[in-house]
$ cat structure.cif   # mmCIF, C-alpha atoms and all ligand atoms
data_coords
loop_
_atom_site.label_atom_id
_atom_site.label_comp_id
_atom_site.auth_asym_id
_atom_site.auth_seq_id
_atom_site.Cartn_x
_atom_site.Cartn_y
_atom_site.Cartn_z
CA MET A 1 126.74 106.97 -161.04
CA ALA A 2 122.97 106.94 -161.08
CA GLU A 3 120.27 105.63 -163.39
CA GLN A 4 119.21 108.40 -165.76
CA PHE A 5 115.88 108.10 -167.58
CA ILE A 6 116.38 108.55 -171.32
CA GLY A 7 113.07 107.44 -172.86
CA LYS A 8 110.44 104.79 -173.33
CA ALA A 9 111.45 101.38 -174.67
CA SER A 10 108.39 101.43 -176.95
CA GLU A 11 109.83 104.52 -178.70
CA PHE A 12 112.83 102.50 -179.90
CA LYS A 13 112.45 100.25 -182.95
CA ASP A 14 115.18 97.73 -183.58
CA GLY A 15 118.02 99.64 -185.29
CA ASP A 16 117.00 103.00 -183.78
CA ARG A 17 119.40 105.04 -181.71
CA GLN A 18 119.39 108.16 -179.66
CA ILE A 19 122.16 110.60 -178.77
CA VAL A 20 121.75 111.95 -175.26
CA ARG A 21 123.73 114.31 -173.06
CA ILE A 22 123.91 113.28 -169.42
CA GLY A 23 125.76 115.88 -167.40
CA GLU A 24 129.08 116.27 -169.18
CA ASP A 25 128.86 113.01 -171.16
CA GLU A 26 127.48 112.62 -174.67
CA ILE A 27 126.21 109.08 -175.14
CA GLY A 28 124.84 107.07 -178.07
CA VAL A 29 122.11 104.59 -177.08
CA PHE A 30 121.44 101.82 -179.62
CA LYS A 31 118.71 99.22 -179.83
CA HIS A 32 120.04 96.18 -181.62
CA GLU A 33 118.37 92.76 -181.78
CA GLY A 34 116.10 93.70 -178.90
CA ALA A 35 118.91 94.76 -176.52
CA PHE A 36 120.14 98.23 -175.59
CA TYR A 37 123.77 99.33 -175.80
CA ALA A 38 125.22 102.69 -174.80
CA TYR A 39 128.63 104.14 -175.63
CA SER A 40 130.47 107.42 -175.36
CA ASN A 41 129.83 109.48 -178.49
CA PHE A 42 133.46 110.67 -178.55
CA CYS A 43 135.49 108.71 -181.08
CA LEU A 44 138.83 107.43 -179.83
CA HIS A 45 140.50 108.54 -183.04
CA GLN A 46 139.96 112.30 -183.03
CA GLY A 47 136.82 112.88 -180.98
CA GLY A 48 134.29 112.62 -183.82
CA PRO A 49 130.64 111.66 -183.20
CA ALA A 50 131.38 107.92 -183.00
CA CYS A 51 127.75 106.78 -182.60
CA GLU A 52 126.20 108.83 -185.41
CA GLY A 53 127.50 107.16 -188.53
CA LEU A 54 126.45 104.09 -190.50
CA THR A 55 125.59 100.84 -188.82
CA ILE A 56 126.89 98.02 -190.95
CA ALA A 57 127.52 94.31 -190.64
CA ASN A 58 131.14 93.22 -190.36
CA VAL A 59 132.73 92.34 -193.71
CA GLU A 60 135.09 89.40 -194.01
CA GLU A 61 136.90 87.85 -196.93
CA ARG A 62 136.51 84.09 -196.97
CA LEU A 63 139.45 82.08 -198.23
CA ARG A 64 139.74 78.61 -199.68
CA PRO A 65 142.37 76.26 -198.20
CA ASP A 66 144.80 77.40 -200.92
CA LYS A 67 144.25 81.01 -199.73
CA THR A 68 142.44 82.17 -202.87
CA SER A 69 139.46 84.43 -202.23
CA MET A 70 135.86 83.26 -201.98
CA GLY A 71 134.71 86.88 -202.06
CA LEU A 72 133.64 89.43 -199.47
CA HIS A 73 130.78 88.46 -197.15
CA PHE A 74 128.84 90.12 -194.37
CA THR A 75 128.92 88.38 -190.99
CA ASP A 76 126.35 88.42 -188.16
CA GLN A 77 128.39 90.94 -186.16
CA MET A 78 126.97 94.46 -186.37
CA ASN A 79 129.28 97.47 -186.22
CA PHE A 80 128.80 101.21 -186.12
CA VAL A 81 131.13 103.52 -187.99
CA CYS A 82 132.40 106.94 -186.94
CA PRO A 83 131.41 109.30 -189.77
CA TRP A 84 134.63 111.32 -189.64
CA HIS A 85 137.28 108.82 -190.71
CA GLY A 86 135.62 105.43 -190.49
CA TYR A 87 136.70 103.92 -187.15
CA GLU A 88 134.46 100.87 -186.87
CA TYR A 89 133.24 99.67 -183.46
CA ASP A 90 131.55 96.40 -182.48
CA MET A 91 127.95 97.10 -181.43
CA LYS A 92 128.04 94.58 -178.58
CA THR A 93 131.39 95.49 -177.01
CA GLY A 94 132.37 98.97 -178.24
CA CYS A 95 135.76 97.58 -179.31
CA HIS A 96 137.42 98.70 -182.53
CA VAL A 97 136.95 95.85 -185.01
CA LYS A 98 140.66 95.35 -185.66
CA ASP A 99 142.29 96.53 -182.43
CA LYS A 100 140.38 95.26 -179.40
CA SER A 101 142.46 97.43 -177.04
CA VAL A 102 140.76 100.50 -178.56
CA LYS A 103 137.44 100.50 -176.75
CA LEU A 104 134.74 103.13 -176.37
CA ARG A 105 133.50 103.82 -172.85
CA LYS A 106 130.48 101.59 -172.30
CA TYR A 107 127.52 102.56 -170.13
CA ASP A 108 125.09 100.11 -168.57
CA VAL A 109 121.51 100.35 -169.78
CA VAL A 110 118.70 99.26 -167.48
CA THR A 111 115.08 98.76 -168.52
CA LYS A 112 112.32 98.86 -165.92
CA GLY A 113 109.01 98.07 -167.50
CA ASN A 114 108.79 100.46 -170.44
CA ASP A 115 111.39 102.89 -169.08
CA VAL A 116 114.98 102.95 -170.28
CA TYR A 117 117.76 104.22 -168.03
CA VAL A 118 121.45 104.78 -168.70
CA VAL A 119 123.77 104.44 -165.72
CA ALA A 120 125.99 107.53 -165.84
CA MET B 1 183.80 111.75 -156.91
CA SER B 2 183.17 109.03 -154.35
CA SER B 3 183.88 105.42 -155.22
CA PRO B 4 181.09 102.80 -155.18
CA ARG B 5 182.65 101.34 -152.04
CA THR B 6 182.23 104.55 -150.03
CA LYS B 7 178.62 104.73 -151.24
CA LYS B 8 177.93 101.24 -149.88
CA ALA B 9 179.55 102.10 -146.56
CA ALA B 10 177.16 104.95 -145.78
CA PRO B 11 173.93 102.94 -145.19
CA LYS B 12 175.87 100.52 -142.93
CA ALA B 13 176.93 103.37 -140.69
CA ALA B 14 173.37 104.66 -140.48
CA LYS B 15 171.92 101.24 -139.46
CA PRO B 16 172.23 101.42 -135.67
CA SER B 17 170.35 104.74 -135.46
CA THR B 18 167.44 103.38 -137.63
CA LYS B 19 167.14 100.36 -135.34
CA ALA B 20 167.07 102.60 -132.33
CA ALA B 21 164.22 104.71 -133.78
CA LYS B 22 161.98 101.70 -134.58
CA PRO B 23 160.59 100.97 -131.08
CA ALA B 24 159.58 104.66 -130.71
CA ILE B 25 157.46 104.53 -133.93
CA LYS B 26 155.82 101.29 -132.80
CA ALA B 27 155.00 102.85 -129.45
CA SER B 28 153.33 105.91 -130.97
CA ARG B 29 151.26 103.73 -133.39
CA ALA B 30 150.11 101.59 -130.52
CA ALA B 31 149.00 104.69 -128.65
CA SER B 32 146.92 106.10 -131.54
CA LYS B 33 145.26 102.84 -132.66
CA PRO B 34 143.90 100.16 -130.37
CA ALA B 35 145.13 96.66 -131.23
CA SER B 36 141.56 95.29 -131.12
CA ASP B 37 138.00 96.36 -130.32
CA GLU B 38 138.09 94.48 -127.04
CA GLY B 39 137.64 96.66 -124.00
CA MET B 40 136.34 99.64 -126.06
CA THR B 41 133.05 101.17 -125.07
CA GLY B 42 130.65 102.47 -127.70
CA ARG B 43 131.73 106.00 -126.78
CA ASP B 44 135.40 105.10 -127.30
CA LYS B 45 134.57 103.78 -130.76
CA ALA B 46 132.58 106.92 -131.63
CA ASN B 47 135.46 109.10 -130.47
CA PHE B 48 137.90 107.06 -132.48
CA ILE B 49 135.80 107.39 -135.65
CA LYS B 50 135.31 111.11 -134.99
CA ALA B 51 139.07 111.56 -134.62
CA MET B 52 139.61 109.71 -137.90
CA MET B 53 137.03 111.84 -139.68
CA GLU B 54 138.56 115.04 -138.36
CA GLY B 55 141.81 113.95 -139.87
CA ILE B 56 140.09 113.41 -143.27
CA ALA B 57 137.89 116.52 -143.46
CA PRO B 58 139.95 119.56 -142.50
CA LYS B 59 138.29 122.41 -140.65
CA ASP B 60 138.19 125.89 -142.18
CA ALA B 61 139.62 129.09 -140.59
CA SER B 62 136.66 129.48 -138.22
CA GLY B 63 137.19 125.94 -136.93
CA LYS B 64 134.08 124.55 -138.61
CA ARG B 65 134.08 121.68 -141.01
CA PRO B 66 132.65 122.53 -144.46
CA PRO B 67 129.29 120.84 -145.16
CA ILE B 68 129.48 117.62 -147.19
CA LYS B 69 128.69 118.41 -150.83
CA VAL B 70 125.72 116.50 -152.24
CA GLU B 71 126.13 115.87 -155.98
CA ALA B 72 123.53 117.78 -157.99
CA PRO B 73 121.37 115.55 -160.23
CA LYS B 74 122.74 115.36 -163.76
CA LYS B 75 120.82 117.06 -166.53
CA VAL B 76 119.59 114.67 -169.22
CA GLU B 77 119.07 116.11 -172.68
CA ILE B 78 117.98 114.22 -175.83
CA LEU B 79 120.19 115.60 -178.59
CA ARG B 80 119.19 113.54 -181.64
CA LYS B 81 117.08 110.55 -182.60
CA ILE B 82 118.32 108.45 -185.50
CA SER B 83 115.76 106.03 -186.89
CA ALA B 84 116.53 102.72 -188.55
CA PRO B 85 115.86 102.86 -192.33
CA THR B 86 112.37 101.64 -193.21
CA PRO B 87 112.27 98.70 -195.63
CA VAL B 88 110.64 99.16 -199.04
CA GLU B 89 107.14 97.74 -199.37
CA ARG B 90 107.20 94.47 -201.32
CA LYS B 91 104.99 93.87 -204.36
CA SER B 92 104.87 90.71 -206.37
CA ASN B 93 104.27 89.41 -209.95
CA PRO B 94 105.21 86.12 -211.66
CA LEU B 95 108.34 87.43 -213.41
CA SER B 96 109.59 89.04 -210.17
CA ASP B 97 109.02 85.81 -208.21
CA GLU B 98 111.03 83.95 -210.83
CA ALA B 99 113.79 86.60 -210.65
CA LEU B 100 113.86 86.32 -206.84
CA LYS B 101 114.28 82.56 -207.01
CA PHE B 102 117.02 82.90 -209.62
CA ALA B 103 118.83 85.54 -207.55
CA ALA B 104 118.63 83.29 -204.46
CA ARG B 105 120.23 80.46 -206.45
CA LEU B 106 123.04 82.76 -207.60
CA GLU B 107 123.62 83.98 -204.02
CA GLU B 108 123.90 80.38 -202.86
CA LYS B 109 126.49 79.64 -205.56
CA PHE B 110 128.44 82.76 -204.56
CA ALA B 111 128.33 81.80 -200.87
CA ASN B 112 130.01 78.53 -201.81
CA GLY B 113 132.72 80.36 -203.72
CA ASP B 114 131.40 79.45 -207.17
CA PHE B 115 132.12 82.60 -209.19
CA GLU B 116 131.52 80.93 -212.54
CA ALA B 117 127.89 80.03 -212.04
CA LEU B 118 127.09 82.36 -214.94
CA THR B 119 129.10 82.73 -218.12
CA PRO B 120 130.39 86.24 -218.94
CA GLU B 121 127.76 86.45 -221.72
CA ALA B 122 124.93 85.60 -219.33
CA THR B 123 126.26 88.10 -216.75
CA GLN B 124 126.45 90.81 -219.42
CA ALA B 125 122.91 90.14 -220.62
CA LEU B 126 121.52 90.23 -217.09
CA MET B 127 123.47 93.36 -216.18
CA THR B 128 122.34 95.13 -219.34
CA ALA B 129 118.68 94.34 -218.76
CA ILE B 130 118.83 95.32 -215.07
CA CYS B 131 120.74 98.53 -215.85
CA LYS B 132 118.14 99.62 -218.43
CA LEU B 133 115.19 98.64 -216.26
CA TYR B 134 116.48 100.42 -213.18
CA SER B 135 117.40 103.62 -215.07
CA ALA B 136 114.04 103.77 -216.87
CA ASN B 137 112.25 103.47 -213.53
CA ALA B 138 114.43 106.18 -211.93
CA GLU B 139 113.86 108.57 -214.86
CA ALA B 140 110.14 107.93 -214.70
CA GLY B 141 110.23 109.00 -211.05
CA ASN B 142 109.84 105.48 -209.68
CA LYS B 143 112.86 105.63 -207.39
CA PHE B 144 113.73 102.85 -204.99
CA PRO B 145 117.03 101.72 -203.43
CA VAL B 146 119.05 99.76 -205.97
CA VAL B 147 119.74 97.00 -203.41
CA LYS B 148 117.48 95.71 -200.66
CA ASP B 149 119.40 97.08 -197.67
CA ARG B 150 122.78 98.29 -196.49
CA PHE B 151 123.96 94.70 -196.10
CA SER B 152 123.20 93.42 -199.58
CA VAL B 153 126.50 94.38 -201.20
CA THR B 154 129.76 95.61 -199.70
CA GLY B 155 131.24 99.01 -200.48
CA THR B 156 133.97 97.26 -202.47
CA ASP B 157 131.37 95.39 -204.58
CA ALA B 158 129.57 98.68 -205.33
CA MET B 159 132.75 100.51 -206.31
CA ILE B 160 133.91 97.71 -208.60
CA LEU B 161 130.57 97.56 -210.42
CA CYS B 162 130.17 101.36 -210.68
CA GLY B 163 133.71 101.66 -212.03
CA ALA B 164 133.07 98.89 -214.56
CA LEU B 165 129.80 100.46 -215.74
CA LEU B 166 131.42 103.88 -216.19
CA LYS B 167 134.32 102.30 -218.07
CA ALA B 168 131.94 100.38 -220.33
CA VAL B 169 130.42 103.65 -221.56
CA ASP B 170 133.70 105.60 -221.46
CA LEU B 171 132.71 108.01 -218.69
CA GLN B 172 134.84 109.55 -215.94
CA VAL B 173 133.76 109.97 -212.32
CA PHE B 174 134.03 113.73 -212.89
CA GLU B 175 131.39 113.53 -215.66
CA LEU B 176 129.13 111.45 -213.44
CA GLY B 177 129.35 114.13 -210.72
CA MET B 178 128.55 116.92 -213.22
CA TRP B 179 125.59 115.01 -214.66
CA GLN B 180 124.21 114.25 -211.21
CA SER B 181 124.32 117.92 -210.18
CA TRP B 182 122.56 118.99 -213.42
CA SER B 183 119.95 116.26 -213.60
CA GLY B 184 119.23 115.83 -209.90
CA ILE B 185 118.83 112.06 -210.44
S1 LIG C 1 137.31 110.87 -185.36
FE1 LIG C 1 136.28 109.02 -185.55
S2 LIG C 1 137.31 108.05 -187.12
FE2 LIG C 1 138.39 109.86 -186.88
#
$ encode --input "structure.cif" --output "structure tokens" --more "lines below"
Ligand code: FES
Amino acid sequence: MAEQFIGKASEFKDGDRQIVRIGEDEIGVFKHEGAFYAYSNFCLHQGGPACEGLTIANVEERLRPDKTSMGLHFTDQMNFVCPWHGYEYDMKTGCHVKDKSVKLRKYDVVTKGNDVYVVA
Amino acid sequence: MSSPRTKKAAPKAAKPSTKAAKPAIKASRAASKPASDEGMTGRDKANFIKAMMEGIAPKDASGKRPPIKVEAPKKVEILRKISAPTPVERKSNPLSDEALKFAARLEEKFANGDFEALTPEATQALMTAICKLYSANAEAGNKFPVVKDRFSVTGTDAMILCGALLKAVDLQVFELGMWQSWSGI
């Protein structure tokens, strides 16, 4: 595993992402809230392009003590959604939002000055 | 078929011979590996490591060891860049500022689970005015996203409202699709 240069940090706005191929691996690199995250672009469901779909905040239904609904609300957690069948992964961990044992391969991202490297 | 008893008896009979073999194994281990580094010269250590390495990397037919493969650097290729959506430029006028404040108050009520902040009549009036205003703008070519960003309403919210609007004017989803392909709006 070595650090592979993938671009300049200044080229990434918050919310931008880049799909890169490093050797045999296809990787999605996200910039979210100032930090970089990198995951395998192969969805754990059926191998779809996991990192190329919508990015969307997590939706939760709030309940009153008597279990009646207070409506659907977005939370602070950001997810990205596989465009093929909608598997939703947590941006910060790569875990499936409902089943934490389903987890995309995560790559370390290192920034040195303005250079961004993925360890792969 | 042998009974379980005869099966148990077999290992017992074999025991003495296993015991007898044990000291021989210990002796051969002791010969191949020194118990400690004490008394070993640097040359002895080098020979020991060399012998270990020879055991790991087998020689080829000519008696030479194949050269150690150095991993080739991986090729990095940028496949796609996906940009974050750019927010719509904000303009302002007194009525819009008032509407923004009113919307913020409604959002606050909703966040606290108060669904009845507006009466059905008030909701209908607001929806009607917004529906007409948005459509007139779109037809006039002044298109802008109907909600501020992807996190303003959930997919469920959007489907419920779209369904209700279509039902209110007695339209099917099929007709909506046909109209969209004809009109391009
Ligand atoms: S392949 Fe990703 S959700 Fe099915």
$ residues_near_point --input "structure.cif" --point "(113.9, 107.2, -166.6)" --cutoff "8 Å" --atoms "only C-alpha atoms" --output "PDB file with C-alpha atoms, in the frame of the given file"
ATOM      1  CA  GLU A   3     120.270 105.630-163.390  1.00  0.00           C
ATOM      2  CA  GLN A   4     119.210 108.400-165.760  1.00  0.00           C
ATOM      3  CA  PHE A   5     115.880 108.100-167.580  1.00  0.00           C
ATOM      4  CA  ILE A   6     116.380 108.550-171.320  1.00  0.00           C
ATOM      5  CA  GLY A   7     113.070 107.440-172.860  1.00  0.00           C
ATOM      6  CA  LYS A   8     110.440 104.790-173.330  1.00  0.00           C
ATOM      7  CA  ASP A 115     111.390 102.890-169.080  1.00  0.00           C
ATOM      8  CA  VAL A 116     114.980 102.950-170.280  1.00  0.00           C
ATOM      9  CA  TYR A 117     117.760 104.220-168.030  1.00  0.00           C
TER      10      TYR A 117
END
$ residues_near_ligand --input "structure.cif" --ligand "ligand LIG 1 (chain C)" --cutoff "9 Å" --atoms "only C-alpha atoms and all ligand atoms" --output "PDB file with C-alpha atoms, in the frame of the given file"
ATOM      1  CA  PHE A  42     133.460 110.670-178.550  1.00  0.00           C
ATOM      2  CA  CYS A  43     135.490 108.710-181.080  1.00  0.00           C
ATOM      3  CA  LEU A  44     138.830 107.430-179.830  1.00  0.00           C
ATOM      4  CA  HIS A  45     140.500 108.540-183.040  1.00  0.00           C
ATOM      5  CA  GLN A  46     139.960 112.300-183.030  1.00  0.00           C
ATOM      6  CA  GLY A  47     136.820 112.880-180.980  1.00  0.00           C
ATOM      7  CA  GLY A  48     134.290 112.620-183.820  1.00  0.00           C
ATOM      8  CA  PRO A  49     130.640 111.660-183.200  1.00  0.00           C
ATOM      9  CA  ALA A  50     131.380 107.920-183.000  1.00  0.00           C
ATOM     10  CA  VAL A  81     131.130 103.520-187.990  1.00  0.00           C
ATOM     11  CA  CYS A  82     132.400 106.940-186.940  1.00  0.00           C
ATOM     12  CA  PRO A  83     131.410 109.300-189.770  1.00  0.00           C
ATOM     13  CA  TRP A  84     134.630 111.320-189.640  1.00  0.00           C
ATOM     14  CA  HIS A  85     137.280 108.820-190.710  1.00  0.00           C
ATOM     15  CA  GLY A  86     135.620 105.430-190.490  1.00  0.00           C
ATOM     16  CA  TYR A  87     136.700 103.920-187.150  1.00  0.00           C
ATOM     17  CA  GLU A  88     134.460 100.870-186.870  1.00  0.00           C
TER      18      GLU A  88
END
$ atom_distance --input "structure.cif" --atom1 "atom CA of Ala136 of chain B" --atom2 "atom CA of Ile185 of chain B"
11.5 Å
$ atom_distance --input "structure.cif" --atom1 "atom CA of Lys132 of chain B" --atom2 "atom CA of Ser92 of chain B"
20.0 Å
$ interface_residues --input "structure.cif" --of "chain A" --to "chain B" --cutoff "9 Å" --atoms "only C-alpha atoms" --output "PyMOL selection string"
chain A and resi 2+4-7+12-24+26+52+55-57+59+62-64+69-74+120
$ atom_distance --input "structure.cif" --atom1 "atom CA of Glu107 of chain B" --atom2 "atom CA of Gln124 of chain B"
17.1 Å
$ closest_residue --input "structure.cif" --among "A:Cys95, A:Asp66, A:Gly34, A:Met78" --to "Leu54 of chain A" --atoms "all atoms listed in the file"
A:Met78
$ closest_residue --input "structure.cif" --among "B:Leu95, B:Leu165, B:Leu100, B:Val70" --to "Cys131 of chain B" --atoms "all atoms listed in the file"
B:Leu165
